[in-house]
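K.L.:
Pasting run.pdb here (PDB, C-alpha atoms):
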```pdb
ATOM      1  CA  ASP Q 785      -5.978   4.937  -8.787  1.00  0.00           C
ATOM      2  CA  ALA Q 786      -8.096   3.908  -5.837  1.00  0.00           C
ATOM      3  CA  GLY Q 787     -10.950   6.303  -5.103  1.00  0.00           C
ATOM      4  CA  ILE Q 788      -9.638   7.905  -1.944  1.00  0.00           C
ATOM      5  CA  THR Q 789      -9.887  11.567  -1.111  1.00  0.00           C
ATOM      6  CA  GLN Q 790      -8.737  13.427   1.960  1.00  0.00           C
ATOM      7  CA  SER Q 791      -9.967  16.772   3.202  1.00  0.00           C
ATOM      8  CA  PRO Q 792      -8.712  19.281   3.849  1.00  0.00           C
ATOM      9  CA  ARG Q 793      -5.446  18.888   1.961  1.00  0.00           C
ATOM     10  CA  HIS Q 794      -3.765  21.617   3.970  1.00  0.00           C
ATOM     11  CA  LYS Q 795      -4.663  23.108   7.333  1.00  0.00           C
ATOM     12  CA  VAL Q 796      -3.047  25.538   9.734  1.00  0.00           C
ATOM     13  CA  THR Q 797      -4.498  25.716  13.208  1.00  0.00           C
ATOM     14  CA  GLU Q 798      -3.596  26.919  16.675  1.00  0.00           C
ATOM     15  CA  THR Q 799      -2.659  24.910  19.731  1.00  0.00           C
ATOM     16  CA  GLY Q 800      -5.671  23.807  21.731  1.00  0.00           C
ATOM     17  CA  THR Q 801      -8.202  23.899  18.921  1.00  0.00           C
ATOM     18  CA  PRO Q 802     -10.093  20.795  17.754  1.00  0.00           C
ATOM     19  CA  VAL Q 803      -9.344  19.497  14.262  1.00  0.00           C
ATOM     20  CA  THR Q 804     -11.104  16.849  12.187  1.00  0.00           C
ATOM     21  CA  LEU Q 805      -9.618  15.270   9.093  1.00  0.00           C
ATOM     22  CA  ARG Q 806     -11.783  13.330   6.706  1.00  0.00           C
ATOM     23  CA  CYS Q 807     -11.001  10.326   4.556  1.00  0.00           C
ATOM     24  CA  HIS Q 808     -13.566   9.371   1.934  1.00  0.00           C
ATOM     25  CA  GLN Q 809     -13.510   6.274  -0.279  1.00  0.00           C
ATOM     26  CA  THR Q 810     -15.639   5.187  -3.192  1.00  0.00           C
ATOM     27  CA  GLU Q 811     -14.354   1.578  -3.263  1.00  0.00           C
ATOM     28  CA  ASN Q 812     -16.619   0.147  -0.534  1.00  0.00           C
ATOM     29  CA  HIS Q 813     -13.540  -1.364   1.136  1.00  0.00           C
ATOM     30  CA  ARG Q 814     -13.973  -2.697   4.634  1.00  0.00           C
ATOM     31  CA  TYR Q 815     -10.656  -1.584   6.147  1.00  0.00           C
ATOM     32  CA  MET Q 816      -9.484   1.985   6.602  1.00  0.00           C
ATOM     33  CA  TYR Q 817      -6.337   3.320   8.254  1.00  0.00           C
ATOM     34  CA  TRP Q 818      -4.874   6.612   9.446  1.00  0.00           C
ATOM     35  CA  TYR Q 819      -1.097   7.106   9.398  1.00  0.00           C
ATOM     36  CA  ARG Q 820       1.097  10.069  10.182  1.00  0.00           C
ATOM     37  CA  GLN Q 821       4.455  10.771   8.600  1.00  0.00           C
ATOM     38  CA  ASP Q 822       7.216  12.768  10.217  1.00  0.00           C
ATOM     39  CA  PRO Q 823      10.848  13.265   9.227  1.00  0.00           C
ATOM     40  CA  GLY Q 824      12.992  10.469  10.627  1.00  0.00           C
ATOM     41  CA  HIS Q 825      10.012   8.282  11.538  1.00  0.00           C
ATOM     42  CA  GLY Q 826       8.512   7.083   8.292  1.00  0.00           C
ATOM     43  CA  LEU Q 827       4.799   6.294   8.393  1.00  0.00           C
ATOM     44  CA  ARG Q 828       3.252   5.310  11.712  1.00  0.00           C
ATOM     45  CA  LEU Q 829      -0.216   3.910  12.260  1.00  0.00           C
ATOM     46  CA  ILE Q 830      -2.560   6.018  14.394  1.00  0.00           C
ATOM     47  CA  HIS Q 831      -5.891   4.169  14.270  1.00  0.00           C
ATOM     48  CA  TYR Q 832      -7.620   1.768  11.952  1.00  0.00           C
ATOM     49  CA  SER Q 833     -11.128   0.523  11.290  1.00  0.00           C
ATOM     50  CA  TYR Q 834     -12.291  -2.948  10.279  1.00  0.00           C
ATOM     51  CA  GLY Q 835     -15.904  -1.991   9.694  1.00  0.00           C
ATOM     52  CA  VAL Q 836     -18.586   0.544  10.512  1.00  0.00           C
ATOM     53  CA  LYS Q 837     -18.274   1.507  14.180  1.00  0.00           C
ATOM     54  CA  ASP Q 838     -15.346  -0.956  14.585  1.00  0.00           C
ATOM     55  CA  THR Q 839     -12.039   0.756  15.287  1.00  0.00           C
ATOM     56  CA  ASP Q 840      -8.788   0.004  17.066  1.00  0.00           C
ATOM     57  CA  LYS Q 841      -5.628   1.784  18.118  1.00  0.00           C
ATOM     58  CA  GLY Q 842      -2.337   1.840  16.290  1.00  0.00           C
ATOM     59  CA  GLU Q 843       1.121   2.572  17.628  1.00  0.00           C
ATOM     60  CA  VAL Q 844       0.713   6.352  18.064  1.00  0.00           C
ATOM     61  CA  SER Q 845      -2.942   6.799  19.048  1.00  0.00           C
ATOM     62  CA  ASP Q 846      -2.540   9.151  22.040  1.00  0.00           C
ATOM     63  CA  GLY Q 847      -4.247  12.484  21.408  1.00  0.00           C
ATOM     64  CA  TYR Q 848      -6.335  11.145  18.526  1.00  0.00           C
ATOM     65  CA  SER Q 849      -9.804   9.689  18.196  1.00  0.00           C
ATOM     66  CA  VAL Q 850     -11.588   8.240  15.178  1.00  0.00           C
ATOM     67  CA  SER Q 851     -15.088   7.512  14.041  1.00  0.00           C
ATOM     68  CA  ARG Q 852     -16.606   5.502  11.248  1.00  0.00           C
ATOM     69  CA  SER Q 853     -20.367   5.825  10.960  1.00  0.00           C
ATOM     70  CA  LYS Q 854     -20.447   4.939   7.253  1.00  0.00           C
ATOM     71  CA  THR Q 855     -18.372   2.556   5.163  1.00  0.00           C
ATOM     72  CA  GLU Q 856     -17.092   5.361   2.996  1.00  0.00           C
ATOM     73  CA  ASP Q 857     -15.949   7.831   5.648  1.00  0.00           C
ATOM     74  CA  PHE Q 858     -13.264   7.584   8.327  1.00  0.00           C
ATOM     75  CA  LEU Q 859     -12.739  10.654  10.477  1.00  0.00           C
ATOM     76  CA  LEU Q 860      -9.644  11.489  12.506  1.00  0.00           C
ATOM     77  CA  THR Q 861     -10.102  14.013  15.312  1.00  0.00           C
ATOM     78  CA  LEU Q 862      -7.518  15.872  17.307  1.00  0.00           C
ATOM     79  CA  GLU Q 863      -9.525  16.985  20.336  1.00  0.00           C
ATOM     80  CA  SER Q 864      -7.009  19.637  21.341  1.00  0.00           C
ATOM     81  CA  ALA Q 865      -4.246  20.049  18.789  1.00  0.00           C
ATOM     82  CA  THR Q 866      -0.635  20.317  19.954  1.00  0.00           C
ATOM     83  CA  SER Q 867       2.490  21.339  18.061  1.00  0.00           C
ATOM     84  CA  SER Q 868       3.716  17.738  18.209  1.00  0.00           C
ATOM     85  CA  GLN Q 869       0.798  16.789  15.981  1.00  0.00           C
ATOM     86  CA  THR Q 870       2.151  18.880  13.131  1.00  0.00           C
ATOM     87  CA  SER Q 871       2.581  16.236  10.472  1.00  0.00           C
ATOM     88  CA  VAL Q 872       1.395  14.845   7.173  1.00  0.00           C
ATOM     89  CA  TYR Q 873      -1.562  12.506   7.611  1.00  0.00           C
ATOM     90  CA  PHE Q 874      -2.334   9.700   5.187  1.00  0.00           C
ATOM     91  CA  CYS Q 875      -5.437   7.605   4.943  1.00  0.00           C
ATOM     92  CA  ALA Q 876      -5.361   4.113   3.449  1.00  0.00           C
ATOM     93  CA  ILE Q 877      -7.978   1.521   2.508  1.00  0.00           C
ATOM     94  CA  ALA Q 878      -7.958  -2.235   1.957  1.00  0.00           C
ATOM     95  CA  LYS Q 879     -10.543  -4.857   1.058  1.00  0.00           C
ATOM     96  CA  GLN Q 880      -9.432  -7.270   3.756  1.00  0.00           C
ATOM     97  CA  ALA Q 881      -6.646  -7.679   6.252  1.00  0.00           C
ATOM     98  CA  SER Q 882      -6.555 -11.284   7.364  1.00  0.00           C
ATOM     99  CA  GLY Q 883      -5.733 -14.417   5.484  1.00  0.00           C
ATOM    100  CA  ASN Q 884      -4.153 -13.361   2.237  1.00  0.00           C
ATOM    101  CA  PRO Q 885      -3.589  -9.709   3.119  1.00  0.00           C
ATOM    102  CA  ASP Q 886      -4.947  -7.272   0.633  1.00  0.00           C
ATOM    103  CA  THR Q 887      -3.067  -4.310  -0.701  1.00  0.00           C
ATOM    104  CA  GLN Q 888      -3.466  -1.000   1.084  1.00  0.00           C
ATOM    105  CA  TYR Q 889      -4.066   2.008  -1.146  1.00  0.00           C
ATOM    106  CA  PHE Q 890      -3.174   5.440   0.129  1.00  0.00           C
ATOM    107  CA  GLY Q 891      -4.791   8.820  -0.226  1.00  0.00           C
ATOM    108  CA  PRO Q 892      -2.965  12.029  -1.215  1.00  0.00           C
ATOM    109  CA  GLY Q 893      -2.380  13.177   2.355  1.00  0.00           C
ATOM    110  CA  THR Q 894      -3.292  16.147   4.553  1.00  0.00           C
ATOM    111  CA  ARG Q 895      -0.569  18.526   5.689  1.00  0.00           C
ATOM    112  CA  LEU Q 896      -1.441  19.827   9.165  1.00  0.00           C
ATOM    113  CA  THR Q 897       0.449  22.597  10.908  1.00  0.00           C
ATOM    114  CA  VAL Q 898      -0.280  23.395  14.546  1.00  0.00           C
ATOM    115  CA  LEU Q 899       1.089  26.757  15.650  1.00  0.00           C
TER
ATOM    116  CA  ASP K1131       5.364  -8.650  12.066  1.00  0.00           C
ATOM    117  CA  ALA K1132       9.004  -9.163  11.178  1.00  0.00           C
ATOM    118  CA  LYS K1133      11.335  -6.199  10.800  1.00  0.00           C
ATOM    119  CA  THR K1134      13.147  -5.316   7.611  1.00  0.00           C
ATOM    120  CA  THR K1135      16.547  -3.816   6.879  1.00  0.00           C
ATOM    121  CA  GLN K1136      17.228  -1.731   3.784  1.00  0.00           C
ATOM    122  CA  PRO K1137      20.166   0.415   2.685  1.00  0.00           C
ATOM    123  CA  PRO K1138      19.359   4.083   3.294  1.00  0.00           C
ATOM    124  CA  SER K1139      20.182   5.206  -0.231  1.00  0.00           C
ATOM    125  CA  MET K1140      21.125   3.994  -3.702  1.00  0.00           C
ATOM    126  CA  ASP K1141      21.885   5.529  -7.073  1.00  0.00           C
ATOM    127  CA  CYS K1142      20.992   4.144 -10.463  1.00  0.00           C
ATOM    128  CA  ALA K1143      21.677   5.337 -14.000  1.00  0.00           C
ATOM    129  CA  GLU K1144      18.646   6.091 -16.122  1.00  0.00           C
ATOM    130  CA  GLY K1145      17.744   3.147 -18.355  1.00  0.00           C
ATOM    131  CA  ARG K1146      19.596   0.633 -16.216  1.00  0.00           C
ATOM    132  CA  ALA K1147      18.051  -1.894 -13.857  1.00  0.00           C
ATOM    133  CA  ALA K1148      17.650  -0.807 -10.253  1.00  0.00           C
ATOM    134  CA  ASN K1149      18.072  -3.617  -7.727  1.00  0.00           C
ATOM    135  CA  LEU K1150      16.870  -2.757  -4.245  1.00  0.00           C
ATOM    136  CA  PRO K1151      17.720  -5.273  -1.510  1.00  0.00           C
ATOM    137  CA  CYS K1152      15.822  -6.017   1.677  1.00  0.00           C
ATOM    138  CA  ASN K1153      16.668  -8.284   4.581  1.00  0.00           C
ATOM    139  CA  HIS K1154      13.876  -9.866   6.622  1.00  0.00           C
ATOM    140  CA  SER K1155      15.634 -12.655   8.469  1.00  0.00           C
ATOM    141  CA  THR K1156      12.874 -13.103  11.084  1.00  0.00           C
ATOM    142  CA  ILE K1157      10.067 -13.526   8.581  1.00  0.00           C
ATOM    143  CA  SER K1158       7.589 -16.252   9.468  1.00  0.00           C
ATOM    144  CA  GLY K1159       5.737 -18.653   7.219  1.00  0.00           C
ATOM    145  CA  ASN K1160       2.526 -16.684   6.812  1.00  0.00           C
ATOM    146  CA  GLU K1161       4.137 -13.306   6.232  1.00  0.00           C
ATOM    147  CA  TYR K1162       4.200 -11.649   2.845  1.00  0.00           C
ATOM    148  CA  VAL K1163       6.820  -9.262   1.490  1.00  0.00           C
ATOM    149  CA  TYR K1164       5.327  -6.018   0.221  1.00  0.00           C
ATOM    150  CA  TRP K1165       6.996  -3.148  -1.604  1.00  0.00           C
ATOM    151  CA  TYR K1166       5.690   0.390  -1.703  1.00  0.00           C
ATOM    152  CA  ARG K1167       7.265   3.592  -2.912  1.00  0.00           C
ATOM    153  CA  GLN K1168       6.700   7.218  -2.083  1.00  0.00           C
ATOM    154  CA  ILE K1169       7.462   9.910  -4.583  1.00  0.00           C
ATOM    155  CA  HIS K1170       8.216  13.272  -3.010  1.00  0.00           C
ATOM    156  CA  SER K1171       5.306  14.073  -0.652  1.00  0.00           C
ATOM    157  CA  GLN K1172       2.673  11.909  -2.313  1.00  0.00           C
ATOM    158  CA  GLY K1173       0.904   8.996  -0.649  1.00  0.00           C
ATOM    159  CA  PRO K1174       2.744   5.653  -0.736  1.00  0.00           C
ATOM    160  CA  GLN K1175       2.135   3.685  -3.917  1.00  0.00           C
ATOM    161  CA  TYR K1176       1.843  -0.095  -3.995  1.00  0.00           C
ATOM    162  CA  ILE K1177       4.373  -1.811  -6.241  1.00  0.00           C
ATOM    163  CA  ILE K1178       4.306  -5.574  -5.745  1.00  0.00           C
ATOM    164  CA  HIS K1179       4.093  -8.319  -3.131  1.00  0.00           C
ATOM    165  CA  GLY K1180       4.943 -12.005  -2.769  1.00  0.00           C
ATOM    166  CA  LEU K1181       4.988 -14.925  -0.369  1.00  0.00           C
ATOM    167  CA  LYS K1182       7.455 -17.507  -1.683  1.00  0.00           C
ATOM    168  CA  ASN K1183       7.628 -17.350  -5.440  1.00  0.00           C
ATOM    169  CA  ASN K1184       9.146 -14.634  -7.551  1.00  0.00           C
ATOM    170  CA  GLU K1185       6.591 -12.187  -8.858  1.00  0.00           C
ATOM    171  CA  THR K1186       6.466  -9.805 -11.799  1.00  0.00           C
ATOM    172  CA  ASN K1187       4.015  -7.113 -12.801  1.00  0.00           C
ATOM    173  CA  GLU K1188       4.040  -4.112 -15.076  1.00  0.00           C
ATOM    174  CA  MET K1189       6.047  -2.056 -12.608  1.00  0.00           C
ATOM    175  CA  ALA K1190       8.672  -4.395 -11.211  1.00  0.00           C
ATOM    176  CA  SER K1191       9.892  -7.865 -10.341  1.00  0.00           C
ATOM    177  CA  LEU K1192      10.275  -9.305  -6.869  1.00  0.00           C
ATOM    178  CA  ILE K1193      12.876 -11.960  -6.194  1.00  0.00           C
ATOM    179  CA  ILE K1194      12.558 -13.787  -2.867  1.00  0.00           C
ATOM    180  CA  THR K1195      15.358 -16.080  -1.727  1.00  0.00           C
ATOM    181  CA  GLU K1196      14.532 -19.710  -1.091  1.00  0.00           C
ATOM    182  CA  ASP K1197      14.891 -19.314   2.678  1.00  0.00           C
ATOM    183  CA  ARG K1198      12.735 -16.143   2.431  1.00  0.00           C
ATOM    184  CA  LYS K1199      15.160 -14.180   4.585  1.00  0.00           C
ATOM    185  CA  SER K1200      15.805 -11.578   1.945  1.00  0.00           C
ATOM    186  CA  SER K1201      14.353 -10.198  -1.245  1.00  0.00           C
ATOM    187  CA  THR K1202      15.217  -7.858  -4.109  1.00  0.00           C
ATOM    188  CA  LEU K1203      12.962  -5.450  -5.920  1.00  0.00           C
ATOM    189  CA  ILE K1204      13.984  -4.964  -9.532  1.00  0.00           C
ATOM    190  CA  LEU K1205      12.969  -2.004 -11.653  1.00  0.00           C
ATOM    191  CA  PRO K1206      14.097  -3.248 -15.067  1.00  0.00           C
ATOM    192  CA  HIS K1207      14.618   0.092 -16.818  1.00  0.00           C
ATOM    193  CA  ALA K1208      14.736   2.898 -14.285  1.00  0.00           C
ATOM    194  CA  THR K1209      13.557   6.346 -15.320  1.00  0.00           C
ATOM    195  CA  LEU K1210      13.926   9.691 -13.606  1.00  0.00           C
ATOM    196  CA  ARG K1211      10.320   9.332 -12.420  1.00  0.00           C
ATOM    197  CA  ASP K1212      11.338   6.280 -10.408  1.00  0.00           C
ATOM    198  CA  THR K1213      13.288   8.502  -8.021  1.00  0.00           C
ATOM    199  CA  ALA K1214      11.523   7.856  -4.708  1.00  0.00           C
ATOM    200  CA  VAL K1215      11.759   6.255  -1.290  1.00  0.00           C
ATOM    201  CA  TYR K1216      11.156   2.516  -1.537  1.00  0.00           C
ATOM    202  CA  TYR K1217       9.762   0.624   1.434  1.00  0.00           C
ATOM    203  CA  CYS K1218      10.062  -3.107   1.994  1.00  0.00           C
ATOM    204  CA  ILE K1219       7.418  -4.328   4.438  1.00  0.00           C
ATOM    205  CA  VAL K1220       6.707  -7.731   5.921  1.00  0.00           C
ATOM    206  CA  HIS K1221       2.980  -8.131   6.400  1.00  0.00           C
ATOM    207  CA  SER K1222       1.208 -11.045   8.034  1.00  0.00           C
ATOM    208  CA  GLY K1223      -2.299  -9.853   7.414  1.00  0.00           C
ATOM    209  CA  ASN K1224      -3.348 -10.844  10.924  1.00  0.00           C
ATOM    210  CA  THR K1225      -3.948  -7.234  11.821  1.00  0.00           C
ATOM    211  CA  GLY K1226      -3.688  -5.522   8.489  1.00  0.00           C
ATOM    212  CA  LYS K1227      -1.203  -3.107   9.956  1.00  0.00           C
ATOM    213  CA  LEU K1228       1.755  -2.142   7.800  1.00  0.00           C
ATOM    214  CA  ILE K1229       4.970  -1.329   9.667  1.00  0.00           C
ATOM    215  CA  PHE K1230       7.002   1.138   7.634  1.00  0.00           C
ATOM    216  CA  GLY K1231      10.748   1.398   8.186  1.00  0.00           C
ATOM    217  CA  GLN K1232      12.994   4.139   6.847  1.00  0.00           C
ATOM    218  CA  GLY K1233      13.137   2.713   3.345  1.00  0.00           C
ATOM    219  CA  THR K1234      15.728   3.197   0.601  1.00  0.00           C
ATOM    220  CA  THR K1235      15.978   6.498  -1.204  1.00  0.00           C
ATOM    221  CA  LEU K1236      16.602   5.657  -4.850  1.00  0.00           C
ATOM    222  CA  GLN K1237      18.071   8.426  -6.947  1.00  0.00           C
ATOM    223  CA  VAL K1238      17.899   7.797 -10.693  1.00  0.00           C
ATOM    224  CA  LYS K1239      20.468   9.908 -12.497  1.00  0.00           C
ATOM    225  CA  PRO K1240      20.578  10.908 -16.178  1.00  0.00           C
TER
END
```
Translate the structure described by the file into structure tokens.
P.N.:
Amino acid sequence: DAGITQSPRHKVTETGTPVTLRCHQTENHRYMYWYRQDPGHGLRLIHYSYGVKDTDKGEVSDGYSVSRSKTEDFLLTLESATSSQTSVYFCAIAKQASGNPDTQYFGPGTRLTVL
Amino acid sequence: DAKTTQPPSMDCAEGRAANLPCNHSTISGNEYVYWYRQIHSQGPQYIIHGLKNNETNEMASLIITEDRKSSTLILPHATLRDTAVYYCIVHSGNTGKLIFGQGTTLQVKP
């Protein structure tokens, strides 16, 4: 299994509070991704990173920000959590994205509940 | 990236081959077909991918039609642990972004 960990694995928070989820990899892969998964929607891309300090938006980026100051860590921040952000969040990594696309490997997920 | 169409659910008897179809009629020349699966609430797991030729690995086989407009994932001897949601994804690699559809829920029955 790819060396990907996510923390915390479960979190319950209240509306309006800031939340940061962490994705950590030991593979030294260049690309990292944050997805959310909700019933009826499958997985949807929030943000992704193609290198240290290089990030871009996905299809559902509103209300989320990311940072990548080191190759191994990709942080997802909810500045002011809302109930609509209750979801399961998955991180993924890949060696490369262009040309012959490389396989994305997923972490175990973080279950976030916003009350 | 091209869209894919999969049946919402399928059943398969344990020990038999599971054949999961996927239509991707708008696929373009540089787009690959990827298959992932998700067991219960775990993270998606990579299964196999291909461009034009049929592919086989220790988990499954991927058959891509000559016109590349459809493909079939084959699990040769399904077990109860293969019960999962299977996603067929067309991936160009230009952005690295995977677009997940609803997938096929495969139920392997004893």
K.L.:
Can you measure CA of Lys879 in chain Q to CA of Gln1172 in chain K for me? One decimal in Å is fine.
P.N.:
21.6 Å
K.L.:
How many Å separate CA of Asp1197 in chain K from CA of Asn1160 in chain K?
P.N.:
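Separation of CA of Asp1197 in chain K and CA of Asn1160 in chain K: 13.3 Å.
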K.L.:
For Ala1190 in chain K, work out the shell of residues within 7 Å, counting all atoms listed in the file and skipping chain neighbours fewer than 6 positions away, then give it as number ranges by chain.
P.N.:
K: 1203-1206
K.L.:
CA of Ser864 in chain Q and CA of Ser849 in chain Q, how far apart in Å?
P.N.:
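If I compute the distance from CA of Ser849 in chain Q to CA of Ser864 in chain Q, I get 10.8 Å.
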K.L.:
Under the rule that all atoms listed in the file are counted, which of K:Ser1191, K:Asn1184, K:Thr1209, K:Gln1175 is the nearest residue to chain Q?
P.N.:
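For chain Q, the nearest of the candidates is K:Gln1175.
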K.L.:
For chain K, report every residue with an atom at most 10 Å from chain Q (counting only C-alpha atoms), formatted as number ranges by chain.
P.N.:
K: 1160-1162, 1164, 1166, 1171-1179, 1181, 1217, 1221-1233
K.L.:
Within 10 Å of range 1146-1158 of chain K, counting only C-alpha atoms, which residues qualify if same-chain residues fewer than 4 places away don't, as a PyMOL selection string?
P.N.:
chain K and resi 1131-1137+1139-1142+1162-1163+1165+1190-1194+1197-1209+1212+1216-1222+1233-1238
K.L.:
Could you tell me which residues the PyMOL selection byres ((chain K and resi 1168) around 6) returns for this structure, as a PyMOL selection string?
P.N.:
chain K and resi 1167+1169+1174+1214-1215
K.L.:
I'd like to see the residues matched by the PyMOL selection byres ((chain Q and resi 803) around 6) on this file, and ideally I'd get them as a PyMOL selection string.
P.N.:
chain Q and resi 802+804+861-862
K.L.:
Take the PyMOL selection byres ((chain Q and resi 866) around 12), run it mentally on this structure, and tell me the resulting residues as a list in words.
P.N.:
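Selected by the PyMOL selection byres ((chain Q and resi 866) around 12) here: Val796, Thr797, Glu798, Thr799, Gly800, Thr801, Pro802, Val803, Asp846, Gly847, Tyr848, Leu862, Glu863, Ser864, Ala865, Ser867, Ser868, Gln869, Thr870, Ser871, Leu896, Thr897, Val898 and Leu899 of chain Q.
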K.L.:
What's around Lys837 in chain Q at 9 Å? Count only C-alpha atoms, leave out sequence neighbours fewer than 4 positions away in its own chain, and write the answer as a list in words.
P.N.:
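Selected residues are Ser833, Ser851, Arg852, Ser853 and Lys854 of chain Q.
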